[in-house]
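Student: Below you will find the structure I want to go over with you.
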Amino acid sequence: MSDEGWRLVRVGKLSYEFEPCPPGAYRYRVDFVGHLPAGRQKDYRSLLRELGYRVMSKNLNLNWSAGHVRFRPWAKGAGKLSASPGSFNRELLIVEKENDGAPFELHTAPEDLREYYRYQRNMYATTALLGLAFALVLFYQEAIAGGTAFAVLAVLCGLPVVWCRKRMGETQ
Amino acid sequence: MTEVTFFVLLAVHAPRHGYAVMQFVEERTAGRLRLGAGSLYGAISALVEKGWAAALEEQDGRKKEYLVTNLGRQVAQAELERLHGLVSTAEQIMEEAEHEEDIQVLRRFPGVAGALAEQLV
């Protein structure tokens with residue numbers, strides 16, 4: 001969109017708002033921060049703003065809630081409890097910078113990249129394993145349709161696990 | 001300790017905010033190490049978690065700065081000594097290997113030893 005002359009102005013749960021800009025004036029990166037506790041996410045956003053970037057938080061899943069608390073065993077420290085308001089529904093950051101021709105990557109150090117992919121791998125692996133567990137229980141109860149649905153979910157969540165492991169291997 | 005961690009630890013031996021740390025590392029490595037914002041945040045957070053660096057009290061309008069702690073200085077010093085030892089050992093090994101290679105050449109080509117001896121005389 002930026003290459004075509006559209007700048008991202010605002011994001012909602014299901015919407016993205018753009019305004020015209022010179023083609024290629026801005027560059028974007030999407031960062032996964034779902035594993036970080038709310039306080040650390042806030043610190044990270046502050047650092048990004050200090051570096052001159054514009055930052056927008058975005059939900060990973062589609063969920064309308066308030067006062068919601070979710071347990072994330074794959075997250076880091078206090079991030080294992082994700083609440084709304086807080087870190088819930090703010091798992092992604094869309095980071096914008098003015099295009100000055102310099103490289104724009106958020107994660108460059110190998111050890112940082114490994115950790116970055118490790119949390120995403122664990123997130124998808126948790127969902128895949130839960131899906132598999134539900135599938136097995138439902139198949140056992142001869143609920144074939146339900147079991148199949150969860151099995152498909154498990155496989156779909158397994159694909160990003162494979163991809164993350166591949167990326168982790170490339171950083172070695 | 002990784003290279004990035006070590007350089008970030010060195011960078012905060014003087015009070016520096018995030019962007020200054022990024023520039024410091026890039027300048028001191030002649031552009032070889034360019035830290036992305038995510039990697040920078042990860043490295044600084046790791047130092048603070050381990051107690052090797054601390055965030056200075058924020059003053060209005062000023063960027064958050066970080067400074068090495070006494071523990072961080074000790075760790076940096078220990079790492080420097082480890083690297084010195086590594087370089088010294090590596091130089092020794094390579095010198096021995098070169099010397100061993102010379103001996104192997106002389107053993108395989110005895111005529112060379114004689115020719116060299118005549119030249120020295």
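If you're wondering about the labels, chains in the structure tokens are A, B, ... by order shown, residues count from 1 in each chain, ligands from 1 in order shown.
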Would you tabulate, counting only C-alpha atoms, all residues of chain B that have an atom at most 6 Å from an atom of chain A, showing the closest pair of atoms and their distance in Å to one decimal, sorted by chain then ascending number, as a tab-separated table?

Tutor:
```
residue	atom	partner	partner_atom	distance
B:Tyr19	CA	A:Leu51	CA	6.0
B:Leu35	CA	A:Thr108	CA	5.9
B:Gly36	CA	A:Leu106	CA	4.2
B:Ala37	CA	A:Leu106	CA	4.9
B:Gly38	CA	A:Leu106	CA	4.8
B:Ser39	CA	A:His107	CA	5.0
```

Student: Could you write out, as a list in words, all the residues of chain B that DSSP marks as strand (DSSP E)?

Tutor: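 Going through chain B, the strand (DSSP E) residues come out as Arg16, His17, Ala53, Ala54, Ala55, Glu65, Tyr66, Leu67 and Val68 of chain B.
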
Student: Would you output that residue set with N, CA, C and O atoms, as a CSV table (one decimal), in the first residue's frame?

Tutor:
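Generated file (selection04.csv):
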```csv
chain,number,residue,atom,x,y,z
B,16,ARG,N,23.5,6.4,28.5
B,16,ARG,CA,23.0,6.5,27.1
B,16,ARG,C,21.6,6.1,27.0
B,16,ARG,O,21.1,5.1,27.6
B,17,HIS,N,20.8,6.7,26.1
B,17,HIS,CA,19.5,6.3,25.8
B,17,HIS,C,19.6,5.3,24.6
B,17,HIS,O,20.6,5.1,24.0
B,53,ALA,N,22.8,-3.6,34.2
B,53,ALA,CA,22.6,-2.2,33.9
B,53,ALA,C,21.3,-1.8,34.6
B,53,ALA,O,20.5,-2.6,35.0
B,54,ALA,N,21.1,-0.5,34.7
B,54,ALA,CA,19.9,0.1,35.3
B,54,ALA,C,19.4,1.3,34.6
B,54,ALA,O,20.2,2.0,34.0
B,55,ALA,N,18.1,1.5,34.6
B,55,ALA,CA,17.5,2.6,33.9
B,55,ALA,C,17.7,3.8,34.9
B,55,ALA,O,17.4,3.7,36.1
B,65,GLU,N,17.5,6.8,29.9
B,65,GLU,CA,18.9,6.5,29.8
B,65,GLU,C,19.3,5.3,30.7
B,65,GLU,O,18.6,5.0,31.7
B,66,TYR,N,20.3,4.6,30.2
B,66,TYR,CA,20.7,3.4,31.0
B,66,TYR,C,22.2,3.5,31.3
B,66,TYR,O,23.0,4.1,30.6
B,67,LEU,N,22.6,2.9,32.5
B,67,LEU,CA,23.9,3.0,32.9
B,67,LEU,C,24.3,1.6,33.5
B,67,LEU,O,23.5,1.0,34.2
B,68,VAL,N,25.6,1.3,33.3
B,68,VAL,CA,26.1,0.0,33.9
B,68,VAL,C,26.1,0.0,35.4
B,68,VAL,O,26.3,1.1,36.0
```

Student: Based on the backbone DSSP call, show me all residues of segment 2-121 of chain B assigned alpha helix (DSSP H), as a ChimeraX atom specification.

Tutor: /B:3-11,18-28,37-50,70-108,110-120

Student: Would you list the contacts of Leu83 of chain B as a list in words, taking every protein, DNA or RNA residue within 12 Å and counting only C-alpha atoms, but skipping same-chain residues closer than 4 positions in sequence?

Tutor: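 Within the cut-off, the hits are Met1, Thr2, Glu3, Phe6, Ala76, Gln77, Ala78, Glu79, Val87, Ser88, Thr89 and Ala90 of chain B.
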
Student: Please identify all polymer residues within 9 Å of Gly5 of chain A, counting only C-alpha atoms, omitting same-chain residues fewer than 2 positions from it, and present them as a ChimeraX atom specification.

Tutor: /A:1-3,7,19-26

Student: Work out how far atom CA of Leu80 of chain B is from atom CA of Met94 of chain B, in Å to one decimal.

Tutor: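 For atom CA of Met94 of chain B relative to atom CA of Leu80 of chain B, the distance reads 21.1 Å.
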
Student: As number ranges by chain, please: the residues near Ser57 of chain A (cut-off 6 Å, only C-alpha atoms, same-chain neighbours under 5 positions excluded).

Tutor: A: 90, 92-93

Student: Suppose you want the space between atom CA of Tyr124 of chain A and atom CA of Phe32 of chain A; what is it in Å?

Tutor: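 Here the two named atoms are 12.7 Å from each other.
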